[in-house]
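K.L.:
Next up, data_32.pdb (PDB, C-alpha atoms and all ligand atoms).
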ATOM      1  CA  MET M1070      -1.604   3.261  20.289
ATOM      2  CA  PRO M1071      -1.132   2.727  16.566
ATOM      3  CA  GLU M1072      -2.343   5.325  14.155
ATOM      4  CA  GLY M1073      -5.121   4.481  11.744
ATOM      5  CA  ASP M1074      -2.794   4.730   8.769
ATOM      6  CA  THR M1075      -0.602   1.949  10.183
ATOM      7  CA  LEU M1076      -3.624  -0.322  10.367
ATOM      8  CA  PHE M1077      -4.804   0.760   6.947
ATOM      9  CA  ARG M1078      -1.459  -0.179   5.447
ATOM     10  CA  ALA M1079      -1.314  -3.421   7.389
ATOM     11  CA  ALA M1080      -4.772  -4.344   6.125
ATOM     12  CA  ALA M1081      -3.802  -3.527   2.544
ATOM     13  CA  THR M1082      -0.662  -5.638   2.707
ATOM     14  CA  LEU M1083      -2.353  -8.542   4.472
ATOM     15  CA  SER M1084      -5.049  -8.347   1.855
ATOM     16  CA  ARG M1085      -2.505  -8.664  -0.941
ATOM     17  CA  ALA M1086      -0.974 -11.714   0.723
ATOM     18  CA  ILE M1087      -3.994 -13.673   1.940
ATOM     19  CA  GLY M1088      -7.085 -11.923   0.544
ATOM     20  CA  GLY M1089      -9.212 -14.257  -1.540
ATOM     21  CA  LYS M1090      -7.157 -17.286  -0.456
ATOM     22  CA  LEU M1091      -8.372 -20.431   1.247
ATOM     23  CA  VAL M1092      -7.509 -20.972   4.890
ATOM     24  CA  ARG M1093      -5.412 -24.138   5.049
ATOM     25  CA  ALA M1094      -4.946 -24.008   8.819
ATOM     26  CA  PHE M1095      -5.992 -21.740  11.640
ATOM     27  CA  ARG M1096      -4.432 -21.876  15.095
ATOM     28  CA  SER M1097      -4.683 -19.881  18.278
ATOM     29  CA  PRO M1098      -3.641 -20.561  21.877
ATOM     30  CA  LEU M1099      -6.794 -18.788  23.003
ATOM     31  CA  PRO M1100      -9.516 -21.390  23.582
ATOM     32  CA  ALA M1101     -12.313 -18.961  22.725
ATOM     33  CA  VAL M1102     -10.687 -18.327  19.354
ATOM     34  CA  ALA M1103      -9.230 -21.743  18.600
ATOM     35  CA  SER M1104     -12.443 -23.673  18.939
ATOM     36  CA  PRO M1105     -14.599 -21.690  16.492
ATOM     37  CA  GLY M1106     -11.466 -21.030  14.445
ATOM     38  CA  ALA M1107     -11.142 -24.702  13.602
ATOM     39  CA  ARG M1108     -14.202 -24.287  11.394
ATOM     40  CA  LEU M1109     -12.365 -21.694   9.312
ATOM     41  CA  GLU M1110     -10.212 -24.269   7.588
ATOM     42  CA  GLY M1111     -11.311 -24.469   3.986
ATOM     43  CA  GLN M1112     -13.038 -21.080   4.164
ATOM     44  CA  ARG M1113     -12.083 -18.300   1.799
ATOM     45  CA  ILE M1114     -10.727 -15.023   3.184
ATOM     46  CA  GLU M1115     -13.114 -12.500   1.728
ATOM     47  CA  LEU M1116     -11.835  -9.175   2.990
ATOM     48  CA  VAL M1117      -9.168  -7.648   5.199
ATOM     49  CA  GLU M1118     -10.070  -4.212   6.476
ATOM     50  CA  ALA M1119      -9.019  -1.632   9.024
ATOM     51  CA  ARG M1120     -11.699   0.094  11.030
ATOM     52  CA  GLY M1121     -10.028   2.842  12.952
ATOM     53  CA  LYS M1122      -7.338   0.973  14.853
ATOM     54  CA  ASN M1123      -9.039  -2.397  14.541
ATOM     55  CA  LEU M1124      -8.097  -4.963  11.961
ATOM     56  CA  LEU M1125     -10.800  -7.298  10.687
ATOM     57  CA  ILE M1126     -10.323 -10.388   8.565
ATOM     58  CA  HIS M1127     -13.649 -11.522   7.126
ATOM     59  CA  PHE M1128     -14.261 -15.119   6.144
ATOM     60  CA  GLU M1129     -16.630 -16.687   3.675
ATOM     61  CA  ASP M1130     -18.968 -17.975   6.392
ATOM     62  CA  GLY M1131     -19.642 -14.431   7.646
ATOM     63  CA  SER M1132     -17.415 -14.630  10.709
ATOM     64  CA  ALA M1133     -14.540 -12.206  11.264
ATOM     65  CA  LEU M1134     -11.266 -12.282  13.148
ATOM     66  CA  HIS M1135     -10.922  -9.041  15.074
ATOM     67  CA  THR M1136      -7.543  -7.871  16.347
ATOM     68  CA  HIS M1137      -6.631  -4.648  18.089
ATOM     69  CA  LEU M1138      -2.874  -4.212  18.304
ATOM     70  CA  ARG M1139      -2.669  -1.406  20.876
ATOM     71  CA  MET M1140       1.008  -0.817  21.759
ATOM     72  CA  THR M1141       2.203  -4.413  21.762
ATOM     73  CA  GLY M1142       0.650  -6.302  18.891
ATOM     74  CA  SER M1143       1.784  -6.800  15.311
ATOM     75  CA  TRP M1144       0.933  -8.818  12.220
ATOM     76  CA  HIS M1145       3.694 -10.563  10.313
ATOM     77  CA  ILE M1146       3.600 -12.371   7.009
ATOM     78  CA  TYR M1147       5.914 -15.275   6.270
ATOM     79  CA  ARG M1148       6.444 -17.796   3.556
ATOM     80  CA  PRO M1149       5.538 -21.331   4.650
ATOM     81  CA  GLY M1150       8.466 -22.828   6.559
ATOM     82  CA  GLU M1151      10.211 -19.505   7.032
ATOM     83  CA  ARG M1152      11.611 -18.771  10.487
ATOM     84  CA  TRP M1153       9.475 -16.320  12.468
ATOM     85  CA  GLN M1154      11.005 -13.191  13.910
ATOM     86  CA  LYS M1155       9.200 -13.610  17.198
ATOM     87  CA  PRO M1156       8.839 -16.691  19.378
ATOM     88  CA  PRO M1157       5.913 -18.940  18.459
ATOM     89  CA  ARG M1158       4.590 -18.641  22.007
ATOM     90  CA  ALA M1159       3.890 -14.963  21.296
ATOM     91  CA  ALA M1160       1.536 -15.864  18.444
ATOM     92  CA  ARG M1161      -2.111 -15.162  19.194
ATOM     93  CA  ALA M1162      -3.522 -16.237  15.862
ATOM     94  CA  VAL M1163      -2.004 -17.971  12.863
ATOM     95  CA  ILE M1164      -3.654 -18.171   9.446
ATOM     96  CA  GLU M1165      -2.027 -20.413   6.875
ATOM     97  CA  THR M1166      -2.773 -20.247   3.189
ATOM     98  CA  ASP M1167      -0.978 -22.013   0.359
ATOM     99  CA  ASP M1168       1.432 -19.132  -0.181
ATOM    100  CA  PHE M1169       1.658 -17.276   3.103
ATOM    101  CA  VAL M1170       1.420 -17.611   6.833
ATOM    102  CA  ALA M1171      -0.058 -14.587   8.602
ATOM    103  CA  VAL M1172       0.778 -14.405  12.280
ATOM    104  CA  CYS M1173      -0.634 -12.013  14.843
ATOM    105  CA  PHE M1174       1.786 -11.575  17.740
ATOM    106  CA  ASN M1175       1.013 -10.252  21.201
ATOM    107  CA  ALA M1176      -2.195  -8.439  20.327
ATOM    108  CA  PRO M1177      -4.204  -7.780  23.481
ATOM    109  CA  VAL M1178      -7.494  -8.137  21.617
ATOM    110  CA  VAL M1179      -8.026 -11.225  19.470
ATOM    111  CA  GLU M1180     -11.509 -12.571  18.969
ATOM    112  CA  LEU M1181     -13.612 -14.366  16.434
ATOM    113  CA  ILE M1182     -16.861 -12.608  15.822
ATOM    114  CA  ALA M1183     -19.694 -14.801  14.618
ATOM    115  CA  LYS M1184     -21.740 -14.029  11.544
ATOM    116  CA  GLY M1185     -24.204 -11.244  12.246
ATOM    117  CA  ALA M1186     -22.616 -10.248  15.548
ATOM    118  CA  LEU M1187     -20.431  -7.489  14.151
ATOM    119  CA  ALA M1188     -23.246  -4.950  14.065
ATOM    120  CA  HIS M1189     -23.797  -5.384  17.784
ATOM    121  CA  HIS M1190     -20.176  -5.647  18.821
ATOM    122  CA  PRO M1191     -19.647  -3.603  22.006
ATOM    123  CA  SER M1192     -16.701  -1.545  20.739
ATOM    124  CA  LEU M1193     -16.781  -1.883  16.953
ATOM    125  CA  SER M1194     -20.416  -0.839  16.685
ATOM    126  CA  ARG M1195     -19.671   2.341  18.619
ATOM    127  CA  LEU M1196     -16.762   3.509  16.466
ATOM    128  CA  GLY M1197     -17.143   6.931  14.966
ATOM    129  CA  PRO M1198     -16.686   7.477  11.234
ATOM    130  CA  ASP M1199     -13.353   6.062  10.051
ATOM    131  CA  ILE M1200     -11.285   8.985   8.877
ATOM    132  CA  LEU M1201      -9.541   6.948   6.178
ATOM    133  CA  THR M1202     -12.506   5.390   4.420
ATOM    134  CA  ALA M1203     -13.652   6.662   1.050
ATOM    135  CA  ASP M1204     -17.152   7.346   2.364
ATOM    136  CA  PHE M1205     -15.947   9.148   5.495
ATOM    137  CA  ASP M1206     -18.702  11.400   6.833
ATOM    138  CA  ALA M1207     -16.938  14.548   8.050
ATOM    139  CA  ASP M1208     -20.182  16.194   9.168
ATOM    140  CA  LEU M1209     -21.016  13.238  11.376
ATOM    141  CA  ALA M1210     -17.489  13.257  12.799
ATOM    142  CA  ARG M1211     -17.811  16.946  13.612
ATOM    143  CA  ALA M1212     -21.162  16.337  15.285
ATOM    144  CA  ARG M1213     -19.624  13.531  17.351
ATOM    145  CA  LEU M1214     -16.820  15.879  18.420
ATOM    146  CA  ARG M1215     -19.402  18.536  19.289
ATOM    147  CA  GLU M1216     -21.033  16.075  21.694
ATOM    148  CA  ARG M1217     -17.773  16.226  23.638
ATOM    149  CA  ALA M1218     -17.870  19.979  24.186
ATOM    150  CA  GLY M1219     -16.178  19.870  27.580
ATOM    151  CA  VAL M1220     -13.335  17.594  26.490
ATOM    152  CA  LEU M1221      -9.964  19.071  25.530
ATOM    153  CA  ILE M1222      -9.513  18.937  21.761
ATOM    154  CA  SER M1223      -6.296  16.931  22.212
ATOM    155  CA  GLU M1224      -8.248  14.262  24.095
ATOM    156  CA  ALA M1225     -11.362  14.368  21.928
ATOM    157  CA  LEU M1226      -9.381  13.616  18.762
ATOM    158  CA  LEU M1227      -8.263  10.339  20.337
ATOM    159  CA  MET M1228     -11.802   9.251  21.208
ATOM    160  CA  GLN M1229     -12.534   6.536  18.680
ATOM    161  CA  GLY M1230     -16.267   6.903  19.219
ATOM    162  CA  ALA M1231     -16.099  10.418  17.796
ATOM    163  CA  LEU M1232     -13.967   9.633  14.786
ATOM    164  CA  ALA M1233     -11.882   6.526  14.350
ATOM    165  CA  GLY M1234      -8.251   6.346  13.364
ATOM    166  CA  ILE M1235      -6.417   9.288  14.901
ATOM    167  CA  GLY M1236      -3.644   8.487  17.371
ATOM    168  CA  ASN M1237      -1.112  10.535  19.243
ATOM    169  CA  ILE M1238       1.014  11.484  16.259
ATOM    170  CA  TYR M1239      -1.739  12.878  14.062
ATOM    171  CA  LYS M1240      -3.396  14.536  17.022
ATOM    172  CA  SER M1241      -0.311  16.641  17.761
ATOM    173  CA  GLU M1242       0.529  17.256  14.115
ATOM    174  CA  THR M1243      -2.992  18.284  13.156
ATOM    175  CA  LEU M1244      -3.366  20.738  16.007
ATOM    176  CA  PHE M1245      -0.010  22.270  15.142
ATOM    177  CA  VAL M1246      -0.891  22.663  11.478
ATOM    178  CA  CYS M1247      -4.205  24.232  12.500
ATOM    179  CA  ARG M1248      -2.549  26.496  15.108
ATOM    180  CA  ILE M1249      -4.828  25.378  17.908
ATOM    181  CA  ASP M1250      -3.990  25.257  21.608
ATOM    182  CA  PRO M1251      -4.320  21.498  22.279
ATOM    183  CA  PHE M1252      -5.719  22.243  25.718
ATOM    184  CA  VAL M1253      -8.859  24.162  24.843
ATOM    185  CA  PRO M1254     -12.170  22.338  25.141
ATOM    186  CA  VAL M1255     -13.966  21.343  21.962
ATOM    187  CA  GLY M1256     -16.816  23.675  22.861
ATOM    188  CA  GLN M1257     -14.596  26.716  22.286
ATOM    189  CA  LEU M1258     -13.872  25.804  18.666
ATOM    190  CA  SER M1259     -16.091  26.977  15.828
ATOM    191  CA  ASP M1260     -17.680  24.626  13.325
ATOM    192  CA  ALA M1261     -15.345  25.985  10.666
ATOM    193  CA  THR M1262     -12.331  25.191  12.816
ATOM    194  CA  LEU M1263     -13.504  21.681  13.638
ATOM    195  CA  THR M1264     -14.160  21.091   9.961
ATOM    196  CA  ARG M1265     -10.600  22.199   9.190
ATOM    197  CA  VAL M1266      -9.156  20.015  11.966
ATOM    198  CA  ILE M1267     -10.904  16.967  10.545
ATOM    199  CA  ALA M1268      -9.857  17.815   6.984
ATOM    200  CA  VAL M1269      -6.218  18.359   7.962
ATOM    201  CA  ALA M1270      -6.062  15.102   9.930
ATOM    202  CA  ARG M1271      -7.546  13.233   6.979
ATOM    203  CA  ASP M1272      -5.097  14.886   4.580
ATOM    204  CA  LEU M1273      -2.070  14.135   6.728
ATOM    205  CA  MET M1274      -3.092  10.516   7.174
ATOM    206  CA  SER M1275      -4.098   9.982   3.561
ATOM    207  CA  GLN M1276      -0.667  11.137   2.430
ATOM    208  CA  ASN M1277       0.869   8.352   4.464
ATOM    209  CA  LEU M1278      -1.056   5.382   3.151
ATOM    210  CA  THR M1279       1.568   4.229   0.702
ATOM    211  CA  GLY M1280       5.241   3.433   0.943
ATOM    212  CA  GLY M1281       8.016   4.944   2.973
ATOM    213  CA  ALA M1282       8.260   6.257   6.488
ATOM    214  CA  ARG M1283       5.401   8.214   7.937
ATOM    215  CA  MET M1284       5.940  11.912   7.436
ATOM    216  CA  THR M1285       3.710  14.922   7.961
ATOM    217  CA  THR M1286       6.092  17.724   7.088
ATOM    218  CA  ARG M1287       5.558  17.207   3.373
ATOM    219  CA  PHE M1288       2.164  18.747   4.001
ATOM    220  CA  GLY M1289       2.740  22.372   3.062
ATOM    221  CA  ALA M1290       1.649  23.909   6.323
ATOM    222  CA  ALA M1291       3.004  27.335   7.119
ATOM    223  CA  GLY M1292       4.497  27.520   3.663
ATOM    224  CA  PHE M1293       7.347  25.352   4.842
ATOM    225  CA  SER M1294       7.946  21.914   3.510
ATOM    226  CA  PRO M1295      11.320  20.500   4.548
ATOM    227  CA  LEU M1296      11.212  17.263   2.619
ATOM    228  CA  ARG M1297      14.642  16.248   3.845
ATOM    229  CA  GLY M1298      14.149  17.546   7.367
ATOM    230  CA  PRO M1299      12.322  16.158  10.355
ATOM    231  CA  ARG M1300       9.426  13.852   9.631
ATOM    232  CA  TYR M1301       7.090  15.608  12.015
ATOM    233  CA  TRP M1302       6.281  19.200  12.811
ATOM    234  CA  VAL M1303       6.154  18.691  16.565
ATOM    235  CA  TYR M1304       5.577  15.036  17.454
ATOM    236  CA  GLY M1305       8.563  13.545  19.276
ATOM    237  CA  ARG M1306      10.509  16.810  18.974
ATOM    238  CA  ALA M1307      10.310  18.166  22.535
ATOM    239  CA  GLY M1308      13.083  20.689  23.074
ATOM    240  CA  ASP M1309      13.836  20.953  19.355
ATOM    241  CA  PRO M1310      13.105  24.234  17.585
ATOM    242  CA  CYS M1311       9.679  24.662  16.053
ATOM    243  CA  LEU M1312      10.063  24.335  12.280
ATOM    244  CA  HIS M1313       7.976  27.442  11.827
ATOM    245  CA  CYS M1314       9.157  29.867  14.514
ATOM    246  CA  GLY M1315      12.131  28.313  16.296
ATOM    247  CA  THR M1316      10.571  28.183  19.758
ATOM    248  CA  PRO M1317      11.433  24.920  21.545
ATOM    249  CA  VAL M1318       8.649  22.390  21.088
ATOM    250  CA  ARG M1319       7.015  21.231  24.291
ATOM    251  CA  ALA M1320       5.725  17.836  25.343
ATOM    252  CA  ASN M1321       3.097  17.564  27.963
ATOM    253  CA  ARG M1322       0.834  15.078  29.609
ATOM    254  CA  ALA M1323      -0.930  17.597  31.806
ATOM    255  CA  ALA M1324      -4.300  19.110  31.144
ATOM    256  CA  ASN M1325      -2.893  22.589  31.653
ATOM    257  CA  PRO M1326       0.555  22.566  30.131
ATOM    258  CA  HIS M1327       0.853  26.299  30.091
ATOM    259  CA  ARG M1328       1.426  26.074  33.817
ATOM    260  CA  THR M1329       3.214  22.757  34.051
ATOM    261  CA  ALA M1330       5.114  22.270  30.822
ATOM    262  CA  LEU M1331       7.690  19.516  30.762
ATOM    263  CA  PRO M1332       9.991  20.532  27.942
ATOM    264  CA  ALA M1333      12.274  17.802  26.756
ATOM    265  CA  SER M1334      11.790  15.663  29.834
ATOM    266  CA  PRO M1335      13.502  12.321  29.460
ATOM    267  CA  ALA M1336      10.218  10.517  30.014
ATOM    268  CA  ALA M1337       8.402  12.466  27.376
ATOM    269  CA  ASN M1338      11.175  12.434  24.836
ATOM    270  CA  PRO M1339      13.682   9.690  25.517
ATOM    271  CA  PRO M1340      16.885   9.661  23.556
ATOM    272  CA  ARG M1341      16.759   7.328  20.605
ATOM    273  CA  ALA M1342      19.091   4.868  22.221
ATOM    274  CA  ALA M1343      16.667   4.424  25.097
ATOM    275  CA  LEU M1344      13.805   3.410  22.867
ATOM    276  CA  PRO M1345      13.068  -0.284  22.657
ATOM    277  CA  PRO M1346      14.144  -1.784  19.370
ATOM    278  CA  ARG M1347      11.292  -1.684  16.973
ATOM    279  CA  PRO M1348      10.663  -3.661  13.882
ATOM    280  CA  HIS M1349      10.513  -2.164  10.438
ATOM    281  CA  ARG M1350       7.218  -0.895   9.239
ATOM    282  CA  THR M1351       8.007  -1.469   5.651
ATOM    283  CA  ALA M1352       5.109  -1.387   3.274
ATOM    284  CA  LEU M1353       5.480  -3.977   0.620
ATOM    285  CA  PRO M1354       5.365  -3.223  -3.021
ATOM    286  CA  PRO M1355       3.174  -5.933  -4.500
ATOM    287  CA  GLU M1356       5.997  -7.454  -6.488
ATOM    288  CA  GLN M1357       8.267  -7.843  -3.487
ATOM    289  CA  THR M1358       8.422 -11.022  -1.472
ATOM    290  CA  PRO M1359       6.364 -10.260   1.586
ATOM    291  CA  ALA M1360       8.322 -12.684   3.720
ATOM    292  CA  ALA M1361       8.763 -11.436   7.231
ATOM    293  CA  SER M1362       7.316  -8.055   6.657
ATOM    294  CA  ILE M1363       6.144  -6.642   9.873
ATOM    295  CA  PHE M1364       3.296  -4.389  10.760
ATOM    296  CA  ALA M1365       3.669  -3.004  14.183
ATOM    297  CA  PRO M1366       2.186  -0.065  15.961
ATOM    298  CA  SER M1367       4.209   3.061  15.711
ATOM    299  CA  GLY M1368       5.649   2.525  19.165
ATOM    300  CA  GLY M1369       4.780   6.062  20.188
ATOM    301  CA  VAL M1370       7.393   7.960  22.095
ATOM    302  CA  ALA M1371       5.025   8.076  25.009
ATOM    303  CA  THR M1372       1.323   7.535  25.157
ATOM    304  CA  ARG M1373      -0.962  10.517  25.369
ATOM    305  CA  VAL M1374       1.821  13.045  25.397
ATOM    306  CA  THR M1375       0.844  16.119  23.451
ATOM    307  CA  TYR M1376       3.522  17.943  21.488
ATOM    308  CA  PHE M1377       2.982  21.570  20.619
ATOM    309  CA  CYS M1378       4.699  24.877  19.971
ATOM    310  CA  PRO M1379       3.870  27.372  22.719
ATOM    311  CA  THR M1380       4.364  30.267  20.283
ATOM    312  CA  CYS M1381       2.450  28.938  17.278
ATOM    313  CA  GLN M1382      -0.214  27.451  19.568
ATOM    314  CA  PRO M1383      -0.379  29.879  22.499
ATOM    315  CA  PRO M1384      -2.870  29.446  25.357
ATOM    316  CA  GLY M1385      -6.377  29.856  24.058
ATOM    317  CA  ALA M1386      -5.395  29.751  20.355
ATOM    318  CA  LEU M1387      -8.515  28.693  18.480
ATOM    319  CA  GLY M1388      -6.979  28.116  15.083
ATOM    320  CA  ALA M1389      -6.040  30.356  12.219
ATOM    321  CA  THR M1390      -8.938  31.332   9.997
ATOM    322  CA  SER M1391      -6.679  30.847   7.004
ATOM    323  CA  GLU M1392      -3.391  29.175   6.201
ATOM    324  CA  PRO M1393      -0.676  30.840   8.316
ATOM    325  CA  ALA M1394       1.838  32.881   6.371
TER     326      ALA M1394
HETATM  327 ZN    ZN M1401       6.241  27.659  16.492
END
For this file, produce the structure as structure tokens.

P.N.:
Amino acid sequence: MPEGDTLFRAAATLSRAIGGKLVRAFRSPLPAVASPGARLEGQRIELVEARGKNLLIHFEDGSALHTHLRMTGSWHIYRPGERWQKPPRAARAVIETDDFVAVCFNAPVVELIAKGALAHHPSLSRLGPDILTADFDADLARARLRERAGVLISEALLMQGALAGIGNIYKSETLFVCRIDPFVPVGQLSDATLTRVIAVARDLMSQNLTGGARMTTRFGAAGFSPLRGPRYWVYGRAGDPCLHCGTPVRANRAANPHRTALPASPAANPPRAALPPRPHRTALPPEQTPAASIFAPSGGVATRVTYFCPTCQPPGALGATSEPA
């Protein structure tokens, strides 16, 4: 599952390439998209936006192309005539403008939403506040989390109806920074702690909206900021020493990891060589030729695995009341 910041960056870069431009051609192998999509030719692209993990391209006539990339999808931008980096048969939607061709590959969700239908869309209308928007409503997000009192905090943070945008990486990183046992139910956490969780997640994600590889360790948690060290505090580091206390980081899928921890299991933390090749996630400076830039989901090490330090986040830890020393 991609993180909201990936989508935010993809939307920003797509916007620079095709925002405000006229659609010269629109193609899709999906009949439900291709048929209404034919009417898009000649329309202006008004806005490209990320909503949580959804990407929306709004057109002048009020319709919107909705894509959700999940683990497999990606958006690429090419110059007209340039060779694509994936086979054309993998394209789910193609938008041509005078200067660029935007191609959505392999996305499991591709649909054209008619004018006026967005407000009633079955999933988009139920999204919680988007953690990366300027008008993000943290109080509403906290209230939505509160409604999930019996859900483990590590699961609740992924529920896009509570707050939209957090994926597996920021879930693990945020709970580490806040010193919270990922496996306590939301109902055990105070309002102050939930407020801090939301603020930390928003901070971590906001720091990764521009340029360079995603990195959370530049956030000065625990008074330790190894700018040249690992990119993450705990995510993807099962078996490696905690950057704060040295205890081996654990990875776990289970609801009660304190009984059934799976430290450094090959499934939870495969060696790099075993990972499928993944495209670059290079953000484009505006002046650079955006040819063949690729926006792909982060290709998480494993879905829904929670990474945590059993010493910094012991069973029942409900979060430090202040920044840990
Ligand atoms: Zn630790």

K.L.:
Can you work out the spacing between CA of Ile1222 in chain M and CA of Pro1071 in chain M in Å, to one decimal?

P.N.:
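Straight-line distance from CA of Ile1222 in chain M to CA of Pro1071 in chain M works out to 19.0 Å.
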
K.L.:
Report the residues retrieved by the PyMOL selection byres (((not hetatm)) within 10 of (chain M and resi 1401)) from the displayed file, expressed as a ChimeraX atom specification.

P.N.:
/M:1245,1248,1291,1302-1303,1310-1318,1377-1383

K.L.:
So which residues get picked by the PyMOL selection byres (((chain M and resi 1238-1243) around 6) and not hetatm) here, written as a compact mmCIF listing (two decimals) with C-alpha atoms, in the coordinates of the input?

P.N.:
# COMPACT_ATOMS: atom_id res chain seq x y z
CA ILE M 1235 -6.42 9.29 14.90
CA GLY M 1236 -3.64 8.49 17.37
CA ASN M 1237 -1.11 10.54 19.24
CA LEU M 1244 -3.37 20.74 16.01
CA PHE M 1245 -0.01 22.27 15.14
CA VAL M 1246 -0.89 22.66 11.48
CA ALA M 1270 -6.06 15.10 9.93
CA TYR M 1304 5.58 15.04 17.45
CA THR M 1375 0.84 16.12 23.45
CA TYR M 1376 3.52 17.94 21.49

K.L.:
For this structure, which residues satisfy the selection - the PyMOL selection byres (((chain M and resi 1080) around 9) and not hetatm) - when it is evaluated on the file as given? I want them as a list in words.

P.N.:
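Applied to this file, the PyMOL selection byres (((chain M and resi 1080) around 9) and not hetatm) selects Thr1075, Leu1076, Phe1077, Arg1078, Ala1079, Ala1081, Thr1082, Leu1083, Ser1084, Arg1085, Val1117, Glu1118, Ala1119, Leu1124, Leu1125 and Ile1126 of chain M.
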
K.L.:
Measure the distance from CA of Leu1134 in chain M to CA of Leu1196 in chain M in Å and round it to one decimal.

P.N.:
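The value is 17.0 Å.
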
K.L.:
Need to verify the contact set: Thr1285 in chain M, 7 Å, all atoms listed in the file, exclusion of same-chain residues closer than 5 positions in sequence. Can you return it as a PyMOL selection string?

P.N.:
chain M and resi 1273+1300-1302

K.L.:
Can you pull out the residues contacting Arg1161 in chain M? Cut-off 9 Å, using only C-alpha atoms, and skip same-chain residues under 3 positions away; I want them as a list in words.

P.N.:
Arg1096, Ser1097, Pro1098, Leu1099, Pro1157, Arg1158, Val1172, Cys1173, Phe1174, Asn1175, Ala1176, Pro1177 and Val1179 of chain M

K.L.:
Just checking: using all atoms listed in the file, which residue out of M:Arg1306, M:Arg1108, M:Arg1093, M:Arg1139 ends up closest to Asn1123 in chain M?

P.N.:
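Smallest separation from Asn1123 in chain M among the options: M:Arg1139.
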
K.L.:
Kindly give the distance, in Å, that separates CA of Asp1130 in chain M and CA of Lys1184 in chain M, rounded to a single decimal.

P.N.:
7.1 Å

K.L.:
Counting all atoms listed in the file, which of M:Pro1254, M:Gly1308, M:Gly1219, M:Pro1198 gets nearest to Ile1267 in chain M?

P.N.:
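Among the listed residues, M:Pro1198 lies closest to Ile1267 in chain M.
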
K.L.:
What would the list of residues within 7 Å of (-16.6, -18.1, 1.4) (file frame) look like as a PyMOL selection string, if all atoms listed in the file are what count?

P.N.:
chain M and resi 1112-1115+1128-1130

K.L.:
Choose the residue, out of M:Ile1164, M:Leu1221, M:Ala1183, M:Met1228, that has the smallest atom-to-atom separation from Pro1251 in chain M; count only C-alpha atoms.

P.N.:
M:Leu1221

K.L.:
Select, from M:Leu1181, M:Gly1089, M:Asp1260, M:Pro1149, the residue with the minimum atom-to-atom distance to Ala1107 in chain M, counting only C-alpha atoms.

P.N.:
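For Ala1107 in chain M, the nearest of the given residues is M:Leu1181.
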
K.L.:
Considering all atoms listed in the file, state which residue in the set M:Ala1307, M:Leu1187, M:Ala1086, M:Val1102 is at the smallest distance from Arg1120 in chain M.

P.N.:
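Nearest to Arg1120 in chain M: M:Leu1187.
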
K.L.:
Using all atoms listed in the file for the distances, tell me which of M:Pro1105, M:Pro1156, M:Ala1162, M:Asp1167 is nearest to Leu1091 in chain M.

P.N.:
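Using all atoms listed in the file, the shortest distance to Leu1091 in chain M belongs to M:Asp1167.
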
K.L.:
May I have the residues at most 6 Å from (5.1, -15.9, 4.5) in the file's coordinates, counting only C-alpha atoms, as a list in words?

P.N.:
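All residues meeting the 6 Å criterion around (5.1, -15.9, 4.5) are Ile1146, Tyr1147, Arg1148, Pro1149, Phe1169, Val1170 and Ala1360 of chain M.
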